[in-house]
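S.K.: Before I ask anything, here is the structure I am working with.
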Amino acid sequence: MAWIGQNEQTARVFSASRVGVRSDESTRTFLQRVYFFMSLGLATTGFVALAVASSPAALNFVFGNPFVFIGLMIAELLLVMAFAPVAARVSAGTASAMFFGYAALSGVTFSAIFLRYTMGSIGGTFLVTGGMFASISAYGAITRRDLTSLGSFCVMGLVGLIIASIVNVFLASSMLYWLTTFMGVIVFTGLTAYDTAKLKDLGSRIDGQEAVTKAALQGALILYLDFINLFLMLLRLFGGRRRD
């Protein structure tokens with residue numbers, strides 16, 4: 001009778017291995033979808049930013065009146081805060097429209113960087129950011145380490161970064177400016193690894209086409225924000241200022 005127990009145990013192991021394979025496949029597919037949406041979001045932002053920067057009329061509308069620019073920034077903040085709770089209730093199509101609407105709105109405000117930095121430095125910094133982001137996110141996707149402590153550290157650092165940046169609006173301290181810049185690179189580097197690891201865990205648990213798409217859009221927004229903020233911090237360090 002021993003062989004019966006052995007066969008039952010073998011069957012359980014085989015069944016568990018099949019579950020593990022399915023889990024790995026679903027995680028990989030989920031992350032691929034997250035990166036796909038994120039890439040489209042970045043492309044949307046870049047295209048809109050370049051289009052606005054190339055139009056004197058659009059630039060005058062956005063930056064000619066400070067209330068317009070402030071209103072756009074507030075709209076961005078409200079949209080990003082509302083995305084997760086709203087996306088959980090609406091259809092995947094509506095969630096997609098919200099995501100790409102936010103990416104386009106960000107492109108309008110991000111057109112300001114084309115007025116401050118040279119095209120060459122923007123392109124070069126984007127490539128550097130892309131390389132850093134890809135390697136850090138890959139680490140977050142493959143590591144088996146628990147990155148919870150790293151995430152907690154980075155969230156606390158992000159809070160400090162926001163407070164320091166607000167204070168520096170009034171102090172206009174160059175030392176604090178560079179301190180927040182270096183701090184920002186560290187914080188968003190860590191958040192990229194942490195957020196990717198959390199999304200990997202989410203991808204192994206979520207099921208259903210609609211749910212997967214909406215979760216992938218939320219994950220794309222998270223990594224999009226990590227990428228954009230890391231890009232802006234590196235642009236502070238390496239961006240060449242326009243002379244005209």
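Letters A, B, ... go to the chains of the structure tokens in the order shown; residues in each chain start at 1; ligands are counted from 1 in the same order.
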Using only C-alpha atoms, find each residue in stretch 42-101 of chain A having at least one atom no more than 10 Å away from stretch 111-126 of chain A; report its shortest atom-to-atom pair and that distance in Å (one decimal), rows by chain then rising number, as JSON lines.

M.R.:
```
{"residue": "A:Thr45", "atom": "CA", "partner": "A:Ser111", "partner_atom": "CA", "distance": 9.1}
{"residue": "A:Gly46", "atom": "CA", "partner": "A:Ser111", "partner_atom": "CA", "distance": 8.4}
{"residue": "A:Phe47", "atom": "CA", "partner": "A:Ser111", "partner_atom": "CA", "distance": 9.7}
{"residue": "A:Val48", "atom": "CA", "partner": "A:Ser111", "partner_atom": "CA", "distance": 7.8}
{"residue": "A:Ala49", "atom": "CA", "partner": "A:Ser111", "partner_atom": "CA", "distance": 4.2}
{"residue": "A:Leu50", "atom": "CA", "partner": "A:Ser111", "partner_atom": "CA", "distance": 6.4}
{"residue": "A:Ala51", "atom": "CA", "partner": "A:Ser111", "partner_atom": "CA", "distance": 8.2}
{"residue": "A:Val52", "atom": "CA", "partner": "A:Ser111", "partner_atom": "CA", "distance": 6.1}
{"residue": "A:Ala53", "atom": "CA", "partner": "A:Ser111", "partner_atom": "CA", "distance": 5.3}
{"residue": "A:Ser54", "atom": "CA", "partner": "A:Ser111", "partner_atom": "CA", "distance": 9.0}
{"residue": "A:Ala58", "atom": "CA", "partner": "A:Ser111", "partner_atom": "CA", "distance": 9.9}
{"residue": "A:Leu59", "atom": "CA", "partner": "A:Ser111", "partner_atom": "CA", "distance": 8.3}
{"residue": "A:Val62", "atom": "CA", "partner": "A:Ser111", "partner_atom": "CA", "distance": 9.4}
{"residue": "A:Phe63", "atom": "CA", "partner": "A:Ala112", "partner_atom": "CA", "distance": 8.5}
```

S.K.: So that each row is one residue of stretch 107-144 of chain A with an atom at most 12 Å from stretch 83-102 of chain A, can you give its shortest atom pair and the distance in Å to one decimal, using only C-alpha atoms, rows by chain and rising number, as a tab-separated table?

M.R.:
```
residue	atom	partner	partner_atom	distance
A:Gly107	CA	A:Tyr102	CA	8.5
A:Val108	CA	A:Tyr102	CA	10.0
A:Thr109	CA	A:Tyr102	CA	10.9
A:Phe110	CA	A:Tyr102	CA	11.9
```
